[in-house]
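A.B. asks: I am attaching a structure below and will ask some questions about it afterwards.
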Amino acid sequence: MSLATPHDSLATTQPVLRPRAVERLVSGQATSDGAGVKLTRVLTNDLQRRLDPFLMLDAFGSDKADDYIAGFPDHPHRGFETVTYMLEGRMRHRDSAGNEGLLGNGGVQWMTAGRGVIHSELPEQEDGRMEGFQLWLNLPAKDKLCPPWYRDIPSAQIPEFERQGVTVRVIAGSSHGVAGAMQREATAPLYLDLHLAPGAQFEQVLPEGHNAFVYVYRGSLKLEGGCTVPQQRMAIFANTPGSDGVRLQAGEAPTRAILIAGRPLKEPIAQYGPFVMNTREELMQAVHDFQNGQLA
Ligand code: FE
């Protein structure tokens, strides 16, 4: 028995010894969606294969009501999950499965569209700041037509811990032995919101085959190899062979970032707007079902 063998029971708190390199930085694209909500599409279509199982990440943040007030009126989804994390603001959700909820400061809404949902996401404020993220997480082929599912997770129900100047909110997966609010078997998503004091360091164990990225929304981060990630930039981590995780360090200002990782599905991705399936035929079926009122 070797002393160097890590104990399985300590796997979640083991130090990162061989951190991943950074593959590239991404700025995202300014766009608008819904009825005219201004946002930055950070994870764009061309990165879907690279960042499998993640299909999209939108960042929104504005003090101007005109940028968000129109919201996202009724629209369909099929074949994946949407994860909305509201940093600040109030958004009401209603869907065809009969669910309704108010997403508020620091809360998360996790919606599994499965075989189909028609929903609206509308601001419940006329002024002030609205800021947050919407992530699209793919479903494996076998689950794409599962019954729709939905959960509102108020801020107080998101597990949180502090460690050496870093507050960690564990939305999904687990970090340093703390299980997050959500777990998903097929894609094993990790979703952390990190609040770092100036200069504070954080490390996270990650299987090398899982795709991972970090998005900085305040301050800046220094990553392995001296790479600096400024505000409003995403860094894609390389799947460095033999690596065991990622290491981050805040710059000179208080820093906030989301760290996201997951197990790739390695299945064909076919997307037509709000439908994400595996084949063109399945997309045509989705459009047909929607047009005939049979999607949801
Ligand atoms: Fe939607």
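To be explicit about the labels: the chains of the structure tokens are called A, B, and onward in the order shown, and within each one the residues are counted from 1, while ligands get numbers from 1 in the order they are shown.
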Using only C-alpha atoms and all ligand atoms, which residues of the polymer chains come no farther than 9 Å from ligand 1? I'd like the answer as a PyMOL selection string.
C.D. replies: chain A and resi 34+72-77+82+117-121+274
A.B. asks: Please build the interface table for range 111-163 of chain A against range 278-295 of chain A with a cut-off of 8 Å, listing for each qualifying residue the nearest atom pair and the distance in Å to one decimal; count only C-alpha atoms, order rows by chain and increasing number, and write it as a Markdown table.
C.D. replies:
```
| residue | atom | partner | partner_atom | distance |
| --- | --- | --- | --- | --- |
| A:Arg115 | CA | A:Leu295 | CA | 7.0 |
| A:Gly116 | CA | A:Leu295 | CA | 5.1 |
| A:Val117 | CA | A:Leu295 | CA | 7.0 |
| A:Ala141 | CA | A:Asn278 | CA | 6.9 |
```
A.B. asks: Give the answer as one residue: which of A:Gln48, A:Asn105, A:Ser62, A:Thr255 has the shortest atom-to-atom distance to Thr167 in chain A, using only C-alpha atoms?
C.D. replies: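 For Thr167 in chain A, the nearest of the candidates is A:Thr255.
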A.B. asks: What lies within 8 Å of range 212-215 of chain A using only C-alpha atoms, ignoring chain neighbours under 4 positions off, as number ranges by chain?
C.D. replies: A: 51, 232-238, 257-262
A.B. asks: Create the file for the chosen residues now, containing N, CA and C atoms and written as a JSON list (two decimals), in the first residue's frame.
C.D. replies:
```json
[["chain", "number", "residue", "atom", "x", "y", "z"],
["A", 51, "LEU", "N", -18.18, 22.32, -25.89],
["A", 51, "LEU", "CA", -18.57, 22.42, -24.48],
["A", 51, "LEU", "C", -19.73, 21.49, -24.13],
["A", 232, "GLN", "N", -16.45, 39.94, -17.82],
["A", 232, "GLN", "CA", -17.29, 39.64, -18.98],
["A", 232, "GLN", "C", -16.56, 38.80, -20.03],
["A", 233, "ARG", "N", -15.70, 37.93, -19.57],
["A", 233, "ARG", "CA", -15.00, 37.04, -20.48],
["A", 233, "ARG", "C", -15.12, 35.61, -19.96],
["A", 234, "MET", "N", -15.21, 34.67, -20.87],
["A", 234, "MET", "CA", -15.24, 33.25, -20.53],
["A", 234, "MET", "C", -13.89, 32.64, -20.87],
["A", 235, "ALA", "N", -13.39, 31.80, -20.00],
["A", 235, "ALA", "CA", -12.19, 31.01, -20.32],
["A", 235, "ALA", "C", -12.62, 29.56, -20.44],
["A", 236, "ILE", "N", -12.23, 28.93, -21.53],
["A", 236, "ILE", "CA", -12.48, 27.50, -21.71],
["A", 236, "ILE", "C", -11.23, 26.76, -21.23],
["A", 237, "PHE", "N", -11.42, 25.82, -20.30],
["A", 237, "PHE", "CA", -10.29, 25.03, -19.81],
["A", 237, "PHE", "C", -9.98, 23.91, -20.79],
["A", 238, "ALA", "N", -8.69, 23.69, -21.02],
["A", 238, "ALA", "CA", -8.28, 22.55, -21.85],
["A", 238, "ALA", "C", -8.57, 21.26, -21.10],
["A", 257, "ALA", "N", -17.36, 34.98, -10.25],
["A", 257, "ALA", "CA", -17.32, 34.18, -11.48],
["A", 257, "ALA", "C", -18.19, 32.95, -11.31],
["A", 258, "ILE", "N", -18.71, 32.44, -12.42],
["A", 258, "ILE", "CA", -19.37, 31.14, -12.38],
["A", 258, "ILE", "C", -18.45, 30.12, -13.04],
["A", 259, "LEU", "N", -18.33, 28.98, -12.36],
["A", 259, "LEU", "CA", -17.50, 27.88, -12.86],
["A", 259, "LEU", "C", -18.45, 26.73, -13.21],
["A", 260, "ILE", "N", -18.38, 26.28, -14.45],
["A", 260, "ILE", "CA", -19.34, 25.29, -14.95],
["A", 260, "ILE", "C", -18.59, 24.14, -15.62],
["A", 261, "ALA", "N", -19.01, 22.92, -15.33],
["A", 261, "ALA", "CA", -18.37, 21.75, -15.95],
["A", 261, "ALA", "C", -19.40, 20.64, -16.07],
["A", 262, "GLY", "N", -19.16, 19.71, -16.99],
["A", 262, "GLY", "CA", -20.08, 18.59, -17.13],
["A", 262, "GLY", "C", -19.51, 17.48, -17.99]]
```
A.B. asks: If we count only C-alpha atoms and set the cut-off at 7 Å, which residues sit around Glu124 in chain A, ignoring sequence neighbours fewer than 2 positions away in its own chain? Please answer as a VMD selection string.
C.D. replies: chain A and resid 90 to 92 122 126
A.B. asks: Could you dump the residues just selected with C-alpha atoms as a CSV table (one decimal), in the first residue's frame?
C.D. replies:
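The result, written out as part.csv:
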```
chain,number,residue,atom,x,y,z
A,90,ARG,CA,-37.6,39.4,-10.3
A,91,MET,CA,-38.9,37.2,-13.1
A,92,ARG,CA,-42.1,35.3,-13.2
A,122,LEU,CA,-41.5,38.0,-17.7
A,126,GLU,CA,-40.5,48.2,-13.8
```
A.B. asks: Pick out each residue of range 206-245 of chain A that DSSP on the backbone tags as strand (DSSP E); I need them as a PyMOL selection string.
C.D. replies: chain A and resi 211-218+221-223+228-229+233-237+245
A.B. asks: Restricting it to C-alpha atoms, dump the selection as a PDB file, in the first residue's frame.
C.D. replies:
```pdb
ATOM      1  CA  ASN A 211     -15.727  19.978 -20.345  1.00  0.00           C
ATOM      2  CA  ALA A 212     -15.276  23.084 -18.205  1.00  0.00           C
ATOM      3  CA  PHE A 213     -15.350  26.853 -18.421  1.00  0.00           C
ATOM      4  CA  VAL A 214     -15.415  29.879 -16.157  1.00  0.00           C
ATOM      5  CA  TYR A 215     -17.156  33.218 -16.774  1.00  0.00           C
ATOM      6  CA  VAL A 216     -16.006  36.301 -14.856  1.00  0.00           C
ATOM      7  CA  TYR A 217     -18.772  38.807 -14.092  1.00  0.00           C
ATOM      8  CA  ARG A 218     -16.918  41.075 -11.621  1.00  0.00           C
ATOM      9  CA  LEU A 221      -9.207  35.990 -12.488  1.00  0.00           C
ATOM     10  CA  LYS A 222      -5.714  34.659 -12.938  1.00  0.00           C
ATOM     11  CA  LEU A 223      -5.545  31.085 -14.198  1.00  0.00           C
ATOM     12  CA  THR A 228      -5.723  36.730 -16.907  1.00  0.00           C
ATOM     13  CA  VAL A 229      -9.472  36.590 -17.526  1.00  0.00           C
ATOM     14  CA  ARG A 233     -14.998  37.036 -20.480  1.00  0.00           C
ATOM     15  CA  MET A 234     -15.243  33.249 -20.525  1.00  0.00           C
ATOM     16  CA  ALA A 235     -12.194  31.013 -20.315  1.00  0.00           C
ATOM     17  CA  ILE A 236     -12.476  27.495 -21.708  1.00  0.00           C
ATOM     18  CA  PHE A 237     -10.286  25.033 -19.814  1.00  0.00           C
ATOM     19  CA  GLY A 245      -8.884  20.001 -11.748  1.00  0.00           C
TER      20      GLY A 245
END
```
A.B. asks: If you measure from CA of Ala70 in chain A to CA of Ala35 in chain A, what distance in Å do you get, rounded to one decimal?
C.D. replies: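 Interatomic distance, CA of Ala70 in chain A to CA of Ala35 in chain A: 5.3 Å.
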A.B. asks: Take CA of Gln183 in chain A and CA of Met111 in chain A and report the distance between them in Å, one decimal.
C.D. replies: 13.0 Å
A.B. asks: With only C-alpha atoms counted and 12 Å as the cut-off, give the residues of range 88-123 of chain A in contact with range 190-197 of chain A, each with its shortest interatomic distance in Å and the pair that gives it, as a Markdown table.
C.D. replies:
```
| residue | atom | partner | partner_atom | distance |
| --- | --- | --- | --- | --- |
| A:Gly106 | CA | A:Asp193 | CA | 10.1 |
| A:Gly107 | CA | A:Asp193 | CA | 11.7 |
| A:Val108 | CA | A:Tyr191 | CA | 11.2 |
```
A.B. asks: Counting only C-alpha atoms, what is within 9 Å of Val16 in chain A, bar same-chain residues fewer than 3 positions away, as a list of chain:residue names?
C.D. replies: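 What passes the distance filter is A:Pro19, A:Glu203, A:Gln204, A:Val205, A:Leu206, A:Ser243, A:Asp244, A:Gly245, A:Val246, A:Arg247.
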A.B. asks: Enter the distance from CA of Pro159 in chain A to CA of Leu39 in chain A, in Å, rounded to one decimal.
C.D. replies: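 CA of Leu39 in chain A lies 27.6 Å from CA of Pro159 in chain A.
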